[in-house]
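Coordinates as given in work_23.txt (compact mmCIF, N, CA, C and O atoms):
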```txt
# COMPACT_ATOMS: atom_id res chain seq x y z
N MET S 17 13.36 -43.15 -110.03
CA MET S 17 13.77 -43.67 -108.74
C MET S 17 13.04 -44.99 -108.50
O MET S 17 11.84 -45.08 -108.66
N ALA S 18 13.76 -46.01 -108.08
CA ALA S 18 13.18 -47.33 -107.85
C ALA S 18 12.32 -47.34 -106.59
O ALA S 18 12.51 -46.53 -105.68
N ALA S 19 11.37 -48.27 -106.55
CA ALA S 19 10.50 -48.40 -105.37
C ALA S 19 11.31 -48.68 -104.12
O ALA S 19 10.98 -48.21 -103.04
N TYR S 20 12.40 -49.44 -104.25
CA TYR S 20 13.27 -49.74 -103.12
C TYR S 20 13.80 -48.47 -102.49
O TYR S 20 13.81 -48.30 -101.29
N GLU S 21 14.23 -47.52 -103.32
CA GLU S 21 14.78 -46.27 -102.81
C GLU S 21 13.71 -45.40 -102.17
O GLU S 21 13.99 -44.66 -101.24
N LEU S 22 12.48 -45.49 -102.65
CA LEU S 22 11.41 -44.70 -102.06
C LEU S 22 11.06 -45.15 -100.65
O LEU S 22 10.68 -44.35 -99.82
N ASN S 23 11.20 -46.45 -100.37
CA ASN S 23 10.85 -46.99 -99.06
C ASN S 23 11.96 -46.85 -98.03
O ASN S 23 11.73 -47.01 -96.85
N LYS S 24 13.17 -46.57 -98.47
CA LYS S 24 14.30 -46.52 -97.56
C LYS S 24 14.39 -45.15 -96.89
O LYS S 24 14.39 -44.13 -97.57
N PRO S 25 14.45 -45.09 -95.55
CA PRO S 25 14.53 -43.80 -94.87
C PRO S 25 15.82 -43.06 -95.23
O PRO S 25 16.87 -43.66 -95.32
N GLN S 26 15.70 -41.79 -95.46
CA GLN S 26 16.86 -40.98 -95.77
C GLN S 26 17.44 -40.34 -94.51
O GLN S 26 18.56 -39.89 -94.53
N THR S 27 16.66 -40.29 -93.44
CA THR S 27 17.15 -39.68 -92.21
C THR S 27 17.69 -40.75 -91.28
O THR S 27 17.31 -41.91 -91.35
N ASN S 28 18.60 -40.34 -90.44
CA ASN S 28 19.23 -41.23 -89.47
C ASN S 28 18.78 -40.79 -88.08
O ASN S 28 19.13 -39.72 -87.62
N ASN S 29 17.96 -41.63 -87.44
CA ASN S 29 17.46 -41.35 -86.10
C ASN S 29 17.93 -42.43 -85.14
O ASN S 29 18.02 -43.60 -85.51
N ILE S 30 18.20 -42.03 -83.91
CA ILE S 30 18.64 -42.96 -82.86
C ILE S 30 17.75 -42.75 -81.65
O ILE S 30 17.58 -41.62 -81.19
N ILE S 31 17.20 -43.85 -81.14
CA ILE S 31 16.42 -43.79 -79.90
C ILE S 31 17.05 -44.76 -78.92
O ILE S 31 17.15 -45.96 -79.19
N LEU S 32 17.51 -44.24 -77.78
CA LEU S 32 18.12 -45.05 -76.73
C LEU S 32 17.21 -45.03 -75.51
O LEU S 32 16.87 -43.97 -75.00
N GLU S 33 16.81 -46.21 -75.06
CA GLU S 33 15.92 -46.34 -73.91
C GLU S 33 16.67 -47.01 -72.76
O GLU S 33 17.08 -48.16 -72.87
N ASP S 34 16.85 -46.27 -71.67
CA ASP S 34 17.46 -46.79 -70.44
C ASP S 34 18.81 -47.46 -70.66
O ASP S 34 19.19 -48.37 -69.91
N ARG S 35 19.53 -47.04 -71.69
CA ARG S 35 20.85 -47.60 -72.03
C ARG S 35 20.82 -49.11 -72.24
O ARG S 35 21.84 -49.78 -72.19
N THR S 36 19.63 -49.68 -72.51
CA THR S 36 19.53 -51.13 -72.72
C THR S 36 18.82 -51.48 -74.03
O THR S 36 18.86 -52.64 -74.44
N ARG S 37 18.17 -50.55 -74.66
CA ARG S 37 17.46 -50.81 -75.93
C ARG S 37 17.74 -49.67 -76.88
O ARG S 37 17.54 -48.50 -76.54
N LEU S 38 18.22 -50.01 -78.09
CA LEU S 38 18.58 -49.00 -79.08
C LEU S 38 17.86 -49.28 -80.38
O LEU S 38 17.84 -50.43 -80.85
N SER S 39 17.27 -48.24 -80.97
CA SER S 39 16.64 -48.33 -82.28
C SER S 39 17.31 -47.31 -83.19
O SER S 39 17.48 -46.15 -82.80
N VAL S 40 17.66 -47.72 -84.40
CA VAL S 40 18.35 -46.85 -85.35
C VAL S 40 17.62 -46.94 -86.68
O VAL S 40 17.30 -48.03 -87.14
N THR S 41 17.37 -45.78 -87.32
CA THR S 41 16.84 -45.76 -88.67
C THR S 41 17.89 -45.15 -89.59
O THR S 41 18.83 -44.50 -89.13
N GLY S 42 17.71 -45.36 -90.88
CA GLY S 42 18.68 -44.88 -91.85
C GLY S 42 19.86 -45.82 -91.98
O GLY S 42 20.91 -45.44 -92.49
N VAL S 43 19.70 -47.08 -91.54
CA VAL S 43 20.78 -48.07 -91.60
C VAL S 43 20.90 -48.58 -93.03
O VAL S 43 19.92 -49.05 -93.62
N GLU S 44 22.10 -48.48 -93.59
CA GLU S 44 22.35 -48.94 -94.95
C GLU S 44 23.00 -50.31 -94.99
O GLU S 44 22.76 -51.09 -95.90
N ASP S 45 23.84 -50.63 -94.00
CA ASP S 45 24.52 -51.92 -93.94
C ASP S 45 25.14 -52.08 -92.55
O ASP S 45 25.36 -51.10 -91.86
N VAL S 46 25.40 -53.33 -92.16
CA VAL S 46 26.10 -53.62 -90.91
C VAL S 46 27.44 -54.23 -91.27
O VAL S 46 27.52 -55.24 -91.97
N ASP S 47 28.51 -53.58 -90.83
CA ASP S 47 29.87 -54.04 -91.15
C ASP S 47 30.28 -55.18 -90.25
O ASP S 47 30.81 -56.18 -90.73
N SER S 48 30.06 -55.05 -88.94
CA SER S 48 30.42 -56.12 -88.01
C SER S 48 29.53 -56.05 -86.78
O SER S 48 28.98 -55.00 -86.46
N PHE S 49 29.43 -57.20 -86.12
CA PHE S 49 28.57 -57.29 -84.95
C PHE S 49 29.06 -58.39 -84.05
O PHE S 49 29.32 -59.50 -84.51
N ASP S 50 29.23 -58.09 -82.76
CA ASP S 50 29.46 -59.13 -81.75
C ASP S 50 28.87 -58.63 -80.44
O ASP S 50 28.15 -57.64 -80.42
N GLU S 51 29.16 -59.30 -79.35
CA GLU S 51 28.55 -58.95 -78.06
C GLU S 51 29.04 -57.64 -77.47
O GLU S 51 28.44 -57.12 -76.54
N THR S 52 30.13 -57.08 -78.01
CA THR S 52 30.69 -55.86 -77.43
C THR S 52 30.71 -54.66 -78.37
O THR S 52 30.86 -53.53 -77.91
N VAL S 53 30.59 -54.88 -79.68
CA VAL S 53 30.64 -53.76 -80.63
C VAL S 53 29.81 -54.06 -81.87
O VAL S 53 29.77 -55.18 -82.35
N VAL S 54 29.12 -52.99 -82.34
CA VAL S 54 28.36 -53.05 -83.59
C VAL S 54 28.84 -51.89 -84.44
O VAL S 54 28.88 -50.75 -83.98
N VAL S 55 29.23 -52.18 -85.68
CA VAL S 55 29.64 -51.15 -86.63
C VAL S 55 28.66 -51.18 -87.78
O VAL S 55 28.48 -52.22 -88.42
N MET S 56 28.00 -50.04 -88.03
CA MET S 56 27.01 -49.98 -89.10
C MET S 56 27.20 -48.72 -89.92
O MET S 56 27.70 -47.71 -89.44
N TYR S 57 26.81 -48.82 -91.19
CA TYR S 57 26.81 -47.68 -92.08
C TYR S 57 25.39 -47.12 -92.12
O TYR S 57 24.44 -47.87 -92.35
N THR S 58 25.27 -45.83 -91.85
CA THR S 58 23.96 -45.19 -91.85
C THR S 58 23.99 -44.01 -92.82
O THR S 58 25.06 -43.61 -93.29
N SER S 59 22.83 -43.45 -93.07
CA SER S 59 22.76 -42.27 -93.92
C SER S 59 23.45 -41.07 -93.27
O SER S 59 23.78 -40.10 -93.94
N GLY S 60 23.74 -41.16 -91.97
CA GLY S 60 24.45 -40.10 -91.25
C GLY S 60 25.93 -40.36 -91.08
O GLY S 60 26.63 -39.57 -90.49
N GLY S 61 26.43 -41.50 -91.58
CA GLY S 61 27.84 -41.86 -91.45
C GLY S 61 28.00 -43.21 -90.76
O GLY S 61 27.02 -43.88 -90.43
N THR S 62 29.24 -43.59 -90.53
CA THR S 62 29.53 -44.86 -89.86
C THR S 62 29.31 -44.70 -88.37
O THR S 62 29.89 -43.83 -87.74
N LEU S 63 28.46 -45.55 -87.82
CA LEU S 63 28.09 -45.48 -86.41
C LEU S 63 28.64 -46.71 -85.68
O LEU S 63 28.43 -47.84 -86.13
N VAL S 64 29.35 -46.49 -84.58
CA VAL S 64 29.92 -47.56 -83.77
C VAL S 64 29.23 -47.56 -82.41
O VAL S 64 29.22 -46.54 -81.71
N ILE S 65 28.65 -48.70 -82.05
CA ILE S 65 28.00 -48.88 -80.76
C ILE S 65 28.86 -49.82 -79.94
O ILE S 65 29.24 -50.89 -80.41
N ARG S 66 29.17 -49.44 -78.70
CA ARG S 66 29.97 -50.30 -77.81
C ARG S 66 29.18 -50.60 -76.54
O ARG S 66 28.41 -49.77 -76.08
N GLY S 67 29.39 -51.80 -76.02
CA GLY S 67 28.70 -52.19 -74.80
C GLY S 67 29.00 -53.63 -74.44
O GLY S 67 30.03 -54.18 -74.84
N ASN S 68 28.10 -54.24 -73.69
CA ASN S 68 28.24 -55.64 -73.27
C ASN S 68 26.92 -56.36 -73.52
O ASN S 68 25.85 -55.76 -73.42
N ASP S 69 27.02 -57.64 -73.80
CA ASP S 69 25.83 -58.47 -74.03
C ASP S 69 24.91 -57.90 -75.10
O ASP S 69 23.69 -57.98 -74.99
N LEU S 70 25.48 -57.31 -76.16
CA LEU S 70 24.68 -56.74 -77.23
C LEU S 70 24.06 -57.86 -78.05
O LEU S 70 24.72 -58.82 -78.43
N ARG S 71 22.76 -57.74 -78.29
CA ARG S 71 22.01 -58.73 -79.07
C ARG S 71 21.19 -58.01 -80.12
O ARG S 71 20.46 -57.06 -79.81
N LEU S 72 21.28 -58.49 -81.33
CA LEU S 72 20.51 -57.93 -82.43
C LEU S 72 19.08 -58.44 -82.34
O LEU S 72 18.83 -59.64 -82.37
N GLU S 73 18.13 -57.53 -82.16
CA GLU S 73 16.73 -57.90 -82.05
C GLU S 73 16.05 -57.84 -83.42
O GLU S 73 15.20 -58.67 -83.72
N LYS S 74 16.41 -56.83 -84.22
CA LYS S 74 15.78 -56.66 -85.53
C LYS S 74 16.77 -55.99 -86.47
O LYS S 74 17.45 -55.04 -86.09
N LEU S 75 16.84 -56.50 -87.70
CA LEU S 75 17.62 -55.86 -88.75
C LEU S 75 16.83 -55.98 -90.03
O LEU S 75 16.55 -57.09 -90.49
N SER S 76 16.46 -54.85 -90.60
CA SER S 76 15.76 -54.83 -91.87
C SER S 76 16.43 -53.77 -92.75
O SER S 76 16.16 -52.57 -92.60
N LEU S 77 17.33 -54.21 -93.62
CA LEU S 77 18.00 -53.27 -94.50
C LEU S 77 17.07 -52.74 -95.58
O LEU S 77 17.29 -51.66 -96.12
N ASP S 78 15.99 -53.48 -95.87
CA ASP S 78 15.02 -53.01 -96.86
C ASP S 78 14.38 -51.69 -96.44
O ASP S 78 14.13 -50.83 -97.28
N ILE S 79 14.12 -51.56 -95.15
CA ILE S 79 13.52 -50.31 -94.65
C ILE S 79 14.51 -49.50 -93.81
O ILE S 79 14.18 -48.43 -93.31
N GLY S 80 15.73 -50.01 -93.65
CA GLY S 80 16.78 -49.26 -92.96
C GLY S 80 16.64 -49.17 -91.46
O GLY S 80 16.98 -48.16 -90.87
N GLU S 81 16.17 -50.26 -90.83
CA GLU S 81 15.98 -50.23 -89.37
C GLU S 81 16.79 -51.32 -88.68
O GLU S 81 16.93 -52.42 -89.20
N LEU S 82 17.31 -50.96 -87.50
CA LEU S 82 18.05 -51.90 -86.66
C LEU S 82 17.63 -51.66 -85.22
O LEU S 82 17.48 -50.51 -84.80
N SER S 83 17.42 -52.74 -84.47
CA SER S 83 17.13 -52.66 -83.03
C SER S 83 18.05 -53.63 -82.32
O SER S 83 18.25 -54.75 -82.79
N LEU S 84 18.60 -53.20 -81.20
CA LEU S 84 19.43 -54.11 -80.40
C LEU S 84 19.19 -53.86 -78.93
O LEU S 84 18.69 -52.81 -78.54
N THR S 85 19.54 -54.87 -78.14
CA THR S 85 19.42 -54.77 -76.68
C THR S 85 20.76 -55.14 -76.07
O THR S 85 21.62 -55.75 -76.72
N GLY S 86 20.95 -54.79 -74.82
CA GLY S 86 22.18 -55.07 -74.09
C GLY S 86 22.54 -53.88 -73.24
O GLY S 86 21.73 -52.96 -73.05
N ASN S 87 23.73 -53.88 -72.71
CA ASN S 87 24.24 -52.76 -71.91
C ASN S 87 25.03 -51.84 -72.83
O ASN S 87 26.17 -52.15 -73.18
N ILE S 88 24.46 -50.72 -73.20
CA ILE S 88 25.06 -49.82 -74.18
C ILE S 88 25.90 -48.78 -73.46
O ILE S 88 25.39 -48.02 -72.63
N ASP S 89 27.20 -48.76 -73.76
CA ASP S 89 28.13 -47.84 -73.11
C ASP S 89 28.40 -46.58 -73.92
O ASP S 89 28.56 -45.51 -73.37
N SER S 90 28.47 -46.73 -75.27
CA SER S 90 28.77 -45.55 -76.08
C SER S 90 28.25 -45.71 -77.50
O SER S 90 28.07 -46.82 -78.00
N MET S 91 28.02 -44.55 -78.12
CA MET S 91 27.65 -44.46 -79.53
C MET S 91 28.53 -43.37 -80.13
O MET S 91 28.63 -42.28 -79.56
N GLN S 92 29.17 -43.67 -81.24
CA GLN S 92 30.08 -42.70 -81.84
C GLN S 92 30.04 -42.79 -83.35
O GLN S 92 30.10 -43.88 -83.91
N TYR S 93 29.96 -41.63 -84.00
CA TYR S 93 30.09 -41.57 -85.45
C TYR S 93 31.56 -41.44 -85.77
O TYR S 93 32.26 -40.60 -85.18
N GLU S 94 32.05 -42.25 -86.69
CA GLU S 94 33.44 -42.16 -87.12
C GLU S 94 33.56 -41.10 -88.20
O GLU S 94 32.67 -40.96 -89.03
N HIS S 95 34.65 -40.38 -88.16
CA HIS S 95 34.92 -39.38 -89.19
C HIS S 95 35.50 -40.07 -90.40
O HIS S 95 36.33 -40.97 -90.27
N SER S 96 35.07 -39.66 -91.58
CA SER S 96 35.62 -40.21 -92.81
C SER S 96 36.99 -39.61 -93.03
O SER S 96 37.15 -38.39 -93.02
N ALA S 97 37.97 -40.47 -93.22
CA ALA S 97 39.33 -40.01 -93.50
C ALA S 97 39.56 -40.17 -95.00
O ALA S 97 39.78 -41.26 -95.48
N GLY S 98 39.47 -39.10 -95.71
CA GLY S 98 39.65 -39.16 -97.16
C GLY S 98 41.12 -39.17 -97.53
O GLY S 98 42.01 -39.06 -96.71
N GLY S 99 41.37 -39.32 -98.82
CA GLY S 99 42.74 -39.16 -99.29
C GLY S 99 43.51 -40.45 -99.43
O GLY S 99 44.69 -40.47 -99.10
N GLY S 100 42.92 -41.52 -99.86
CA GLY S 100 43.69 -42.71 -100.18
C GLY S 100 43.64 -43.77 -99.12
O GLY S 100 42.85 -43.72 -98.19
N SER S 101 44.54 -44.73 -99.27
CA SER S 101 44.56 -45.89 -98.39
C SER S 101 45.13 -45.52 -97.02
O SER S 101 45.71 -44.45 -96.83
N PHE S 102 44.99 -46.46 -96.10
CA PHE S 102 45.51 -46.27 -94.75
C PHE S 102 47.01 -45.98 -94.78
O PHE S 102 47.49 -45.06 -94.13
N PHE S 103 47.77 -46.77 -95.54
CA PHE S 103 49.23 -46.61 -95.57
C PHE S 103 49.64 -45.30 -96.24
O PHE S 103 50.60 -44.66 -95.83
N SER S 104 48.90 -44.87 -97.26
CA SER S 104 49.26 -43.59 -97.90
C SER S 104 49.01 -42.43 -96.95
O SER S 104 49.74 -41.45 -96.96
N ARG S 105 47.99 -42.53 -96.10
CA ARG S 105 47.76 -41.47 -95.12
C ARG S 105 48.77 -41.54 -93.99
O ARG S 105 49.21 -40.52 -93.46
N LEU S 106 49.17 -42.76 -93.61
CA LEU S 106 50.13 -42.94 -92.53
C LEU S 106 51.53 -42.46 -92.92
O LEU S 106 52.19 -41.76 -92.17
N PHE S 107 51.97 -42.83 -94.13
CA PHE S 107 53.33 -42.52 -94.54
C PHE S 107 53.41 -41.37 -95.54
O PHE S 107 54.49 -40.99 -95.93
N GLY S 108 52.25 -40.86 -95.95
CA GLY S 108 52.21 -39.82 -97.00
C GLY S 108 52.64 -38.52 -96.51
O GLY S 108 53.19 -37.65 -96.98
```

Can the structure in the file be given as structure tokens, please?
Amino acid sequence: MAAYELNKPQTNNIILEDRTRLSVTGVEDVDSFDETVVVMYTSGGTLVIRGNDLRLEKLSLDIGELSLTGNIDSMQYEHSAGGGSFFSRLFG
């Protein structure tokens, strides 16, 4: 096992403070980010954060941590839809 993998958290933890500060561990990658939505891949699945005035305070993929501030309205894990492409699931 590489040293990189040893330092990366395997657990996915979320700490929300007063709906204005969010800390997430187990972050593997960030798919998209703007002032209203953040989509990230975590060891617990794809996590979508929605809100207003979202600002990225810290992102360290080496250690799997992300911190953001803003008005946080919702946090939701997306379900993985297996079985092929979007169109094959839609018309299949």

So that I can see what lies close to Ser48 (chain S), please list as a ChimeraX atom specification the residues with an atom at most 12 Å from it, counting only C-alpha atoms and leaving out residues fewer than 5 positions away in the same chain. /S:53-57,62-66,72

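Restricting the calculation to only C-alpha atoms, the smallest distance between Leu38 (chain S) and any of S:Ile88, S:Asn68, S:Ser59, S:Gly80 is found for S:Ile88.
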
Nearest candidate to Thr27 (chain S) (options S:Asp89, S:Glu44, S:Glu73, S:Glu51; using only C-alpha atoms): S:Glu44

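Rounded to one decimal, CA of Leu84 (chain S) and CA of Gly61 (chain S) lie 18.5 Å from each other.
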
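Separating CA of Asp50 (chain S) from atom O of Ser76 (chain S) is a distance of 18.4 Å.
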
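Omitting Thr58 (chain S) and its sequence neighbours fewer than 5 positions away, and counting only C-alpha atoms, the residues within 8 Å are S:Asn28, S:Thr41, S:Gly42, S:Val43, S:Glu44, S:Asp45, S:Leu63.
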
How about saving the chosen residues, N, CA, C and O atoms kept, as a compact mmCIF listing (two decimals), in the coordinates of the input?
```txt
# COMPACT_ATOMS: atom_id res chain seq x y z
N ASN S 28 18.60 -40.34 -90.44
CA ASN S 28 19.23 -41.23 -89.47
C ASN S 28 18.78 -40.79 -88.08
O ASN S 28 19.13 -39.72 -87.62
N THR S 41 17.37 -45.78 -87.32
CA THR S 41 16.84 -45.76 -88.67
C THR S 41 17.89 -45.15 -89.59
O THR S 41 18.83 -44.50 -89.13
N GLY S 42 17.71 -45.36 -90.88
CA GLY S 42 18.68 -44.88 -91.85
C GLY S 42 19.86 -45.82 -91.98
O GLY S 42 20.91 -45.44 -92.49
N VAL S 43 19.70 -47.08 -91.54
CA VAL S 43 20.78 -48.07 -91.60
C VAL S 43 20.90 -48.58 -93.03
O VAL S 43 19.92 -49.05 -93.62
N GLU S 44 22.10 -48.48 -93.59
CA GLU S 44 22.35 -48.94 -94.95
C GLU S 44 23.00 -50.31 -94.99
O GLU S 44 22.76 -51.09 -95.90
N ASP S 45 23.84 -50.63 -94.00
CA ASP S 45 24.52 -51.92 -93.94
C ASP S 45 25.14 -52.08 -92.55
O ASP S 45 25.36 -51.10 -91.86
N LEU S 63 28.46 -45.55 -87.82
CA LEU S 63 28.09 -45.48 -86.41
C LEU S 63 28.64 -46.71 -85.68
O LEU S 63 28.43 -47.84 -86.13
```

Separation of atom C of Ser90 (chain S) and atom C of Arg35 (chain S), in Å? 9.7 Å

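Among S:Met91, S:Asp34, S:Asn29, S:Val40, the residue with the shortest atom-to-atom distance to Lys74 (chain S), counting only N, CA, C and O atoms, is S:Val40.
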
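Of the residues listed (S:Thr85, S:Gln92, S:Leu75, S:Phe49), S:Thr85 shows the shortest atom-to-atom separation from Leu32 (chain S); distances use only C-alpha atoms.
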
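Using only C-alpha atoms, the smallest distance between any of S:Val46, S:Ile79, S:Leu70, S:Thr52 and Gln26 (chain S) comes from S:Ile79.
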
Determine the nearest neighbour of Ser83 (chain S) from the options S:Gly67, S:Thr36, S:Asp47, S:His95, counting only N, CA, C and O atoms. S:Thr36

Tell me, which residues of region 21-103 of chain S carry DSSP strand (DSSP E or B), written as an NGL selection string? :S and (30-33 or 37-41 or 43-49 or 53-58 or 61-76 or 81-94)

Please reconstruct the missing atoms of region 48-58 of chain S (target: all heavy atoms) and return them as a CSV table (one decimal), keeping the file's coordinate frame.
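As a result, out-v5.csv now contains:
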```csv
chain,number,residue,atom,x,y,z
S,48,SER,N,30.1,-55.0,-88.9
S,48,SER,CA,30.4,-56.1,-88.0
S,48,SER,C,29.5,-56.0,-86.8
S,48,SER,O,29.0,-55.0,-86.5
S,48,SER,CB,31.9,-56.0,-87.6
S,48,SER,OG,32.2,-54.8,-86.9
S,49,PHE,N,29.4,-57.2,-86.1
S,49,PHE,CA,28.6,-57.3,-85.0
S,49,PHE,C,29.1,-58.4,-84.0
S,49,PHE,O,29.3,-59.5,-84.5
S,49,PHE,CB,27.1,-57.6,-85.4
S,49,PHE,CG,26.2,-57.7,-84.2
S,49,PHE,CD1,25.5,-56.6,-83.7
S,49,PHE,CD2,25.9,-58.9,-83.6
S,49,PHE,CE1,24.7,-56.7,-82.7
S,49,PHE,CE2,25.1,-59.0,-82.5
S,49,PHE,CZ,24.4,-57.9,-82.1
S,50,ASP,N,29.2,-58.1,-82.8
S,50,ASP,CA,29.5,-59.1,-81.8
S,50,ASP,C,28.9,-58.6,-80.4
S,50,ASP,O,28.2,-57.6,-80.4
S,50,ASP,CB,30.9,-59.5,-81.6
S,50,ASP,CG,31.9,-58.4,-81.2
S,50,ASP,OD1,31.4,-57.6,-80.4
S,50,ASP,OD2,33.0,-58.5,-81.5
S,51,GLU,N,29.2,-59.3,-79.4
S,51,GLU,CA,28.6,-59.0,-78.1
S,51,GLU,C,29.0,-57.6,-77.5
S,51,GLU,O,28.4,-57.1,-76.5
S,51,GLU,CB,28.8,-60.1,-77.1
S,51,GLU,CG,28.0,-61.3,-77.4
S,51,GLU,CD,28.2,-62.4,-76.4
S,51,GLU,OE1,29.1,-62.3,-75.5
S,51,GLU,OE2,27.4,-63.4,-76.4
S,52,THR,N,30.1,-57.1,-78.0
S,52,THR,CA,30.7,-55.9,-77.4
S,52,THR,C,30.7,-54.7,-78.4
S,52,THR,O,30.9,-53.5,-77.9
S,52,THR,CB,32.1,-56.1,-76.9
S,52,THR,OG1,33.0,-56.5,-78.0
S,52,THR,CG2,32.2,-57.1,-75.8
S,53,VAL,N,30.6,-54.9,-79.7
S,53,VAL,CA,30.6,-53.8,-80.6
S,53,VAL,C,29.8,-54.1,-81.9
S,53,VAL,O,29.8,-55.2,-82.4
S,53,VAL,CB,32.1,-53.4,-81.0
S,53,VAL,CG1,32.8,-54.5,-81.8
S,53,VAL,CG2,32.2,-52.1,-81.8
S,54,VAL,N,29.1,-53.0,-82.3
S,54,VAL,CA,28.4,-53.0,-83.6
S,54,VAL,C,28.8,-51.9,-84.4
S,54,VAL,O,28.9,-50.8,-84.0
S,54,VAL,CB,26.8,-52.9,-83.3
S,54,VAL,CG1,26.1,-53.0,-84.7
S,54,VAL,CG2,26.3,-54.0,-82.4
S,55,VAL,N,29.2,-52.2,-85.7
S,55,VAL,CA,29.6,-51.2,-86.6
S,55,VAL,C,28.7,-51.2,-87.8
S,55,VAL,O,28.5,-52.2,-88.4
S,55,VAL,CB,31.1,-51.4,-87.1
S,55,VAL,CG1,31.5,-50.3,-88.1
S,55,VAL,CG2,32.1,-51.4,-86.0
S,56,MET,N,28.0,-50.0,-88.0
S,56,MET,CA,27.0,-50.0,-89.1
S,56,MET,C,27.2,-48.7,-89.9
S,56,MET,O,27.7,-47.7,-89.4
S,56,MET,CB,25.6,-50.0,-88.5
S,56,MET,CG,25.2,-48.8,-87.7
S,56,MET,SD,23.6,-49.0,-86.9
S,56,MET,CE,24.1,-49.8,-85.4
S,57,TYR,N,26.8,-48.8,-91.2
S,57,TYR,CA,26.8,-47.7,-92.1
S,57,TYR,C,25.4,-47.1,-92.1
S,57,TYR,O,24.4,-47.9,-92.4
S,57,TYR,CB,27.3,-48.1,-93.5
S,57,TYR,CG,28.6,-48.7,-93.5
S,57,TYR,CD1,28.8,-50.0,-93.9
S,57,TYR,CD2,29.8,-48.0,-93.2
S,57,TYR,CE1,30.0,-50.6,-93.9
S,57,TYR,CE2,31.0,-48.5,-93.2
S,57,TYR,CZ,31.2,-49.9,-93.5
S,57,TYR,OH,32.4,-50.4,-93.6
S,58,THR,N,25.3,-45.8,-91.8
S,58,THR,CA,24.0,-45.2,-91.8
S,58,THR,C,24.0,-44.0,-92.8
S,58,THR,O,25.1,-43.6,-93.3
S,58,THR,CB,23.6,-44.7,-90.4
S,58,THR,OG1,24.4,-43.5,-90.2
S,58,THR,CG2,23.8,-45.7,-89.4
```
